[in-house]
Every structure is written in C-alpha cells, then in structure tokens.
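S.K.: I have a structure I would like to understand better, so I am pasting it below and will then ask my questions one at a time.
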Amino acid sequence: VAMLATLWLLSLSLPTSWAQILVSCAYKSLCQQALISGNDVVLQCDHLKARRYFSSILGEDLLLLSSVPNIKKLPGGSLQLTNPQPSQTGLYHCEDNDNALVVEYEIDFQDVTTLRITHKGLGQEPLQNESLSLGGKELIFTHWEPWQDCNSCGEPGERKRLGYCYIEEPLETPMPCSLYLQEEKVQYRRMWPEMQLGKLTNNMWLTCPLASRVVPSPLPQSQRAMLPTLWLLLSFAAPLLRSHFSISCPNRHCQLALLSNNDIFLHCNASGAQWQFFFLTVKTPWTNNPFTNSNMETMPDGSLLIRNPLPLQTGFYNCQDKDGKKVVQYEIDFQDIETIHITHKDLGQEPLQNETLSLGGKELIFTHWEPWQGCNRCGEPGERKRLGYCYIEEPLETPMPCWLYLGDVNLWSSRTRPEMQVEACHVQCTSSNVEYVTFDNFKLSEKLGSAWLTCPLGSIYRPIIWEADNISLTWKDQLSGQAVSTVLDTSNGGNRLQVFQPATYKCFVQQELSAQFTPKSDLDIPASLSTEDFGQQPEVEEAQKGKADSVLKGLRLMLLVGTALGLLGALLKLFHPSRGRKRNQVLLVK
C-alpha cells in the first residue's frame with residue numbers, strides 16, 4: 001500500500017507538459033466561438049458540482065458528458081477537451097446541481113487539416129471574400145484574430161495570426177461557418193481556417209525583458225544519500241511510464257488507417273468492457289481471448305491495448321459494456337509497415353502518384369496525408385515527418401482505407417502502400433517541464449558488431465530524433481546514403497536505432513530528452529540518480545566517482561525508509577524544473 005501511495009504522490013508531483021487555451025464566458029451567457037481542431041482547449045465553468053451537456057450541430061438532444069474519451073471534467077467545474085475534432089462542433093451546456101444555467105458555449109472546431117497558411121513576406125495572399133448562395137446573399141469571409149506576439153526578441157522574428165471561416169447575412173451578426181450551416185452538407189474550399197505569418201522589420205523588434213539563468217547547485221548530502229532508495233521506487237514505476245499512441249472515437253463509430261507493428265490504445269470508457277473482433281481476412285468474430293489474441297489486452301478502464309498489430313488484424317473492433325450494449329466501434333486498416341514508402345523533400349524524392357484501380361468501376365487509389373508532426377528539434381535545424389495512408393475512392397463516395405475497401409480481395413499493387421514524407425524544419429524553443437529520462441548503457445554484440453537502442457515513449461506517431469556524441473542523426477543522411485555507423489528503423493519511424501560504433505547516444509521525443517545511452521564498461525553499476533545539466537557531459541564522471549561510498553549510504557538509508565511519505569520532501573526538491581530543452585532531469589538508471 002505504501003508503495004502505491006508513493007507512486008500516486010509521485011504522479012502528483014510531476015507537472016503536466018500540455019498547455020491548453022482557456023475559453024471563458026460571462027455567467028449565464030451564451031458565447032459563440034471558432035477554434036482549430038486538434039488543439040486542446042478548456043471551457044470554463046466555475047461550479048464545483050457542475051453538470052455538462054453536449055449537443056452536436058445535427059440538432060441532437062443534449063448528451064450528458066460523462067464518458068467521452070477525449071473530454072475530462074476538471075475539479076473546479078471546467079471542461080477539458082483533448083485533441084477536439086471537427087465532429088465535436090456544437091453546443092456545450094454547463095448547469096449547476098439545481099439545473100440552472102451557469103454558462104453555454106457554441107464552438108466551431110474548424111478542421112486543422114485544411115488550414116491554409118500564407119506568409120506576407122512571400123507575397124502570398126489570404127483567401128478572398130466570396131458569396132455563398134444558400135437562398136440569400138450570404139457572404140463567406142475570414143474573421144481574423146489579433147496578431148500574436150513576436151516569436152523572437154532583440155533580433156528579427158516572425159509573428160502569426162489565426163483566421164476562422166465565418167458567414168454573414170445582410171443585417172445579421174456573422175457566425176462561424178459550421179455553426180451557421182449546421183446539418184447543411186456543403187463542401188466548399190472557401191470554408192478553410194487560415195494562418196498568416198509576417199516578418200517584423202528592424203524598427204518593430206521586441207526588446208528582451210530581464211532574464212536569468214538558474215544554475216543548479218549540487219544536491220545536499222542527505223538528498224544524495226536518498227537517491228538509491230528513490231532508484232528502487234522508480235524502477236517499479238518505470239512500466240507505468242511507458243506511453244502508447246491513443247485513439248479515441250467521439251462519434252462512437254470511427255474508420256481509420258494505422259501502421260502495423262506500432263502499439264496503440266483503443267479507448268472505450270465502459271465498466272466491464274467486452275471487446276469483439278471481426279477480422280476481414282478471417283471473417284470470424286470472437287470475444288477477447290488472451291490465448292487467441294496474445295498481443296491484445298483489455299485495460300482496467302475498458303480500453304484495448306494492441307501491441308505490434310499485424311496487417312491481418314485489419315477489421316472491426318466493437319466494444320460493449322457489461323450489459324452487452326455497444327459503446328464504440330472502430331474500423332481499422334493496419335497497413336503493412338514493411339512496405340512503407342519513405343521520401344525526403346530536400347532530396348527531391350517524390351511521393352507515390354494517384355492511380356486508377358479497375359475493380360469493376362473507376363476507383364481512384366491515392367495517399368491520404370495526415371498533418372505534419374512537430375519539428376524534432378528546436379533552436380537548431382531539425383526534421384519533421386508526416387504519415388500517409390493508402391485510400392480508395394469511388395465516384396461520389398466517401399474514400400476508405402484501402403484494405404477496409406478491398407476486404408478479402410486478393411490484390412497486390414505497388415500503389416497499396418503507406419507512406420512517410422520528411423522535410424527540414426527550424427523552430428524556436430519554448431520552456432518545458434521535467435520528465436523522466438532513462439540513463440542506460442549498451443554493449444555492441446560480438447557476433448553482429450552492433451546493438452539496438454530503443455527510445456522510451458517514442459512512436460512513429462511522434463517526433464523523434466537521435467544524437468551521437470551531440471551530432472544529429474537525420475533521415476536525410478540515411479536516405480541519401482551518408483549515414484554509415486547508424487541505421488534508423490523505418491518500421492517504427494526511427495524509434496529504434498541500430499548502432500555500430502561506441503558513442504554517447506541520446507534520443508528526443510517531441511523535443512524533450514527521453515534517454516541517454518553510453519557504452520558499457522566493467523565499472524558501470526546502476527546505483528546512482530543525478531540531476532545534471534545535459535548541455536554538459538559530467539554525469540559519467542560523477543557516476544564513477546565515489547560509487548562505493550554512495551552505495552553504502554544508500555543501503556543504510558534503505559533501512560530507515562519505512563513509509564512513502566518520508567520520501568515526499570526529497571521528491572518535491574528533486575523534481576524542480578529548469579528552463580530550456582536540455583535541462584535538469586530525473587534520471588531513471590537501468
């Protein structure tokens with residue numbers, strides 16, 4: 001019990017690394033707003049016992065928000081939406097425990113995948129106003145927000161502003177497009193949100209405010225002695241820290257393509273959830289049986305974890321509650337990662353072209369591209385990637401992932417492949433929060449002359465970069481044949497790295513240092529945790545200096561630690577964040 005209490009306290013002590021935009025509205029008022037999908041938001045509702053309801057633009061009855069996977073009720077009464085989707089456009093109603101209105105929001109989550117980006121410095125023009133004939137003289141235009149702050153100070157930088165699609169009738173108040181159209185199915189290119197960038201001139205530079213750099217002092221002797229005990233506790237916590245790519249389905253019926261061999265979570269918030277599968281190649285449904293589906297596991301909250309999914313597991317995933325009522329259904333095409341087509345824009349490599357597939361009609365086979373992932377480095381040149389999936393479209397029909405469309409049709413075409421495209425990027429650094437960092441060592445195999453390193457928390461669905469002795473390992477070098485001592489594993493987007501030479505290897509996930517690997521020596525003992533500045537390289541020397549003394553102190557203190565609460569003070573001091581990407585870390589030594 002004490003162990004669980006310690007881990008719970010540990011989770012509370014780690015600040016969240018996500019920031020959401022806060023939307024507020026006056027008491028008992030209705031506020032209407034457009035936002036960009038895929039970006040977290042908090043809708044403020046200041047009532048401790050608030051009840052929250054949702055009604056989509058399709059005119060459905062109010063639905064109590066109690067089990068939507070990407071919506072969370074915050075302690076103060078507000079509502080947090082993680083990665084909201086365009087389908088979640090609608091009315092958000094908050095009332096108190098006496099059914100009295102507290103606040104209402106009408107939100108249009110405009111599709112980020114259609115975001116149109118222009119730069120004033122390149123002479124690129126935003127979208128022009130146009131007329132939309134829906135029985136009157138409706139004007140469709142972009143409602144621009146104020147310019148955001150400059151992204152740099154003391155030197156030339158850039159700033160941006162967001163613009164949202166709005167529709168206005170004569171003598172009426174303009175409305176966000178989807179809130180105006182509601183259930184009207186209008187596909188119109190002018191309904192895109194926009195982002196405009198502008199470069200500041202010399203006389204518009206911002207002056208940097210007074211800044212300070214906090215240099216950490218060495219840990220007191222008492223805290224250094226606590227570190228071996230902390231290492232033991234963190235070694236138990238380590239399995240809990242692993243992260244898988246999560247999929248949620250607000251509409252309760254979702255169709256999507258994913259990549260095989262990359263772990264995923266399918267959300268299903270239901271007590272006593274039961275999963276049923278229908279694999280298109282087998283056409284035999286069955287309940288979740290650990291003996292027949294050894295790579296699947298139902299989690300305590302009802303979600304389904306699929307480890308290394310296979311292409312033959314393409315099919316339907318149906319989640320039911322304990323009463324047998326359908327909660328959510330996923331239709332998933334696990335496209336074969338072994339056939340992925342990788343290109344780099346800076347090498348002039350082209351993605352696959354659209355083709356016609358004759359199956360009795362005029363089917364078009366094409367790549368459906370996801371948005372670009374974030375840049376994998378900040379403050380210096382990096383790379384970003386995007387994933388593309390094989391889709392098939394019939395005339396006047398909604399496109400479908402290839403193997404959900406083909407089913408058990410035995411067809412092979414070089415065009416039925418997923419894709420990954422890479423390009424160079426350069427972004428500014430922002431402040432960050434403390435994360436766990438694995439500090440491990442490795443040894444080259446005598447037989448193979450190499451070793452495989454795995455980046456914790458990494459995934460093909462997240463930005464990843466590796467360094468060897470502080471030199472970036474890029475996809476451009478690998479795809480051009482310039483990388484000779486390392487190989488990025490294409491089957492997981494570079495989450496695994498094959499190395500052929502001893503060096504200090506680091507991996508970064510979403511620009512955050514995730515792990516460091518050093519060549520193994522006979523003196524390496526997993527006996528120390530430290531909070532070093534990774535911009536320098538003193539940790540190896542400190543780990544070897546006076547290790548016997550540290551171990552003895554650790555053994556003495558292990559006998560004195562009887563409860564988890566005695567560790568709380570040390571935890572709070574150890575997890576003190578510092579600014580910057582290469583910052584103080586809590587190291588998990590393996």
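The way I read the labels, and the way they are meant: chains A, B, ... in the order of the structure tokens, residue 1 as the first residue of every chain, and ligand 1 as the first ligand shown, with later ones counted on from there.
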Got a sec: who's within 10 Å of Glu338 of chain A, counting only C-alpha atoms, leaving out chain neighbours fewer than 6 positions off, as an mmCIF file with C-alpha atoms, in the first residue's frame?
M.R.:
```cif
data_model
loop_
_atom_site.group_PDB
_atom_site.id
_atom_site.type_symbol
_atom_site.label_atom_id
_atom_site.label_comp_id
_atom_site.auth_asym_id
_atom_site.auth_seq_id
_atom_site.Cartn_x
_atom_site.Cartn_y
_atom_site.Cartn_z
ATOM 1 C CA LEU A 259 0.517 1.319 -39.305
ATOM 2 C CA SER A 260 1.216 -2.268 -38.327
ATOM 3 C CA ASN A 261 3.856 -3.134 -35.695
ATOM 4 C CA ARG A 417 1.406 1.118 -49.592
ATOM 5 C CA PRO A 418 1.560 3.577 -46.717
ATOM 6 C CA THR A 490 11.918 2.505 -40.673
ATOM 7 C CA SER A 491 9.336 0.139 -39.160
ATOM 8 C CA ASN A 492 8.761 2.476 -36.199
#
```
S.K.: Hey, what's within 12 Å of segment 361-363 of chain A if we count only C-alpha atoms and toss same-chain stuff fewer than 5 positions away? As a PyMOL selection string, please?
M.R.: chain A and resi 354-356+391-400+402+405-406
S.K.: Which residues are close to Gln498 of chain A, i.e. within 6 Å by only C-alpha atoms, leaving aside same-chain residues fewer than 2 positions away? Reply as a PyMOL selection string.
M.R.: chain A and resi 451-452+486-487
S.K.: Counting only C-alpha atoms, which of A:Thr118, A:Ile140, A:Gln124, A:Gln255 gets nearest to Gln196 of chain A?
M.R.: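 Distance minimum relative to Gln196 of chain A lands on A:Thr118.
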S.K.: Give me, as a VMD selection string, the residues of segment 406-520 of chain A that a backbone DSSP run labels strand (DSSP E).
M.R.: chain A and resid 419 to 425 436 to 442 451 to 454 464 to 468 471 to 473 486 to 488 496 to 499 505 to 509 512 to 519
S.K.: With only C-alpha atoms as the counted atoms, please give the residues lying no more than 6 Å from Ala515 of chain A, apart from itself and same-chain residues fewer than 5 positions off, as a PyMOL selection string.
M.R.: chain A and resi 437-439+506-507
S.K.: Store the residues picked out above, limited to C-alpha atoms, as a tab-separated table (two decimals), in the first residue's frame.
M.R.:
```
chain	number	residue	atom	x	y	z
A	437	VAL	CA	14.86	10.34	-18.53
A	438	THR	CA	16.28	6.85	-18.89
A	439	PHE	CA	20.03	6.65	-18.31
A	506	LYS	CA	20.60	10.49	-26.90
A	507	CYS	CA	17.03	10.40	-28.13
```
S.K.: Sorted by chain and rising residue number, list the residues of segment 82-103 of chain A at most 8 Å from segment 23-34 of chain A (counting only C-alpha atoms), each with its closest atom pair and distance in Å to one decimal, as JSON lines.
M.R.:
```
{"residue": "A:Leu101", "atom": "CA", "partner": "A:Lys28", "partner_atom": "CA", "distance": 5.8}
{"residue": "A:Val102", "atom": "CA", "partner": "A:Lys28", "partner_atom": "CA", "distance": 4.9}
{"residue": "A:Val103", "atom": "CA", "partner": "A:Lys28", "partner_atom": "CA", "distance": 4.7}
```
S.K.: Contacts of Ser78 of chain A at 6 Å or less, counting only C-alpha atoms, minus same-chain residues fewer than 4 places along, as a VMD selection string?
M.R.: chain A and resid 43 to 45 74
S.K.: So which bits of segment 350-518 of chain A end up alpha helix (DSSP H) when you DSSP the backbone, as a ChimeraX atom specification?
M.R.: /A:402-406,475-479
S.K.: Give me the residues within 10 Å of segment 262-273 of chain A as an MDAnalysis selection string, counting only C-alpha atoms and dropping any in the same chain fewer than 5 places off.
M.R.: chainID A and resid 66:70 243:250 252 295:310 317:330 334 337 459:461 491:493
S.K.: Could the residues in this selection be written to a file with C-alpha atoms, as a tab-separated table (two decimals), in the first residue's frame?
M.R.:
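For reference, part-v9.tsv as written:
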```
chain	number	residue	atom	x	y	z
A	66	SER	CA	-19.68	11.56	-18.70
A	67	SER	CA	-17.86	9.04	-20.87
A	68	VAL	CA	-16.47	10.78	-23.96
A	69	PRO	CA	-12.82	9.63	-24.19
A	70	ASN	CA	-11.18	12.96	-25.03
A	243	SER	CA	3.25	5.58	-23.37
A	244	HIS	CA	1.31	4.17	-26.32
A	245	PHE	CA	-0.40	6.08	-29.09
A	246	SER	CA	-4.04	6.55	-28.05
A	247	ILE	CA	-7.06	6.51	-30.35
A	248	SER	CA	-10.44	7.84	-29.26
A	249	CYS	CA	-13.74	7.97	-31.11
A	250	PRO	CA	-16.14	10.77	-30.08
A	252	ARG	CA	-18.82	6.07	-31.38
A	295	ASN	CA	-0.97	-9.16	-28.49
A	296	MET	CA	-4.22	-7.67	-27.11
A	297	GLU	CA	-5.02	-6.71	-23.55
A	298	THR	CA	-8.13	-5.13	-22.06
A	299	MET	CA	-7.14	-2.42	-19.58
A	300	PRO	CA	-8.95	-1.66	-16.28
A	301	ASP	CA	-10.73	1.37	-17.78
A	302	GLY	CA	-12.08	-0.75	-20.64
A	303	SER	CA	-9.62	0.37	-23.32
A	304	LEU	CA	-7.85	-2.11	-25.56
A	305	LEU	CA	-4.07	-2.24	-25.88
A	306	ILE	CA	-2.80	-3.81	-29.10
A	307	ARG	CA	0.94	-4.48	-29.18
A	308	ASN	CA	2.62	-4.79	-32.59
A	309	PRO	CA	-0.66	-5.08	-34.52
A	310	LEU	CA	-0.47	-7.16	-37.69
A	317	TYR	CA	-13.28	-3.66	-33.17
A	318	ASN	CA	-16.52	-3.48	-31.23
A	319	CYS	CA	-16.62	-2.51	-27.53
A	320	GLN	CA	-19.67	-3.37	-25.41
A	321	ASP	CA	-20.43	-2.58	-21.79
A	322	LYS	CA	-21.17	-5.26	-19.20
A	323	ASP	CA	-24.83	-5.32	-20.31
A	324	GLY	CA	-23.89	-6.04	-23.91
A	325	LYS	CA	-24.71	-2.53	-25.15
A	326	LYS	CA	-22.49	-1.15	-27.91
A	327	VAL	CA	-20.25	1.68	-26.68
A	328	VAL	CA	-17.93	2.28	-29.63
A	329	GLN	CA	-16.82	0.61	-32.84
A	330	TYR	CA	-13.54	1.09	-34.66
A	334	PHE	CA	-3.44	-1.81	-40.18
A	337	ILE	CA	4.80	-1.08	-42.23
A	459	SER	CA	6.42	6.16	-31.54
A	460	ILE	CA	6.14	6.58	-35.29
A	461	TYR	CA	3.25	8.91	-34.48
A	491	SER	CA	9.34	0.14	-39.16
A	492	ASN	CA	8.76	2.48	-36.20
A	493	GLY	CA	9.68	5.88	-37.57
```
S.K.: Hey, which of A:Asp108, A:Ala257, A:Trp192, A:Val427 ends up closest to Asn151 of chain A? Count only C-alpha atoms.
M.R.: A:Val427
S.K.: What's the 7 Å shell around Asp333 of chain A, counting only C-alpha atoms, without same-chain residues fewer than 4 positions away, as a compact mmCIF listing (two decimals) with C-alpha atoms, in the first residue's frame?
M.R.:
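Now in result15.txt:
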```
# COMPACT_ATOMS: atom_id res chain seq x y z
CA LEU A 256 -9.18 4.99 -39.79
CA ALA A 257 -5.88 3.69 -41.10
CA LEU A 258 -2.86 2.98 -38.90
CA THR A 314 -7.41 -5.26 -40.12
CA GLY A 315 -11.12 -5.26 -39.35
CA PRO A 401 -8.65 2.95 -46.28
CA TRP A 403 -7.84 -2.79 -47.12
CA LEU A 404 -11.14 -1.89 -45.47
```
S.K.: For the atom pair atom CA of Gln501 of chain A and atom CA of Trp466 of chain A, what is the interatomic distance in Å to one decimal place?
M.R.: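 These atoms are spaced 14.3 Å apart.
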S.K.: Ranking A:Tyr505, A:Phe278, A:Tyr92, A:Trp372 by minimum distance to Thr454 of chain A and counting only C-alpha atoms, which one comes first?
M.R.: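 Ranking A:Tyr505, A:Phe278, A:Tyr92, A:Trp372 by distance to Thr454 of chain A, first place goes to A:Tyr505.
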S.K.: Would you compute the distance between atom CA of Ile342 of chain A and atom CA of Gln421 of chain A? Give it in Å to one decimal.
M.R.: 5.8 Å
S.K.: Taking only C-alpha atoms into account, which of A:Glu370, A:Glu169, A:Asp336, A:Glu194 comes nearest Arg116 of chain A?
M.R.: A:Glu194
S.K.: Quote the spacing between atom CA of Leu81 of chain A and atom CA of Gln511 of chain A in Å to one decimal place.
M.R.: 23.4 Å
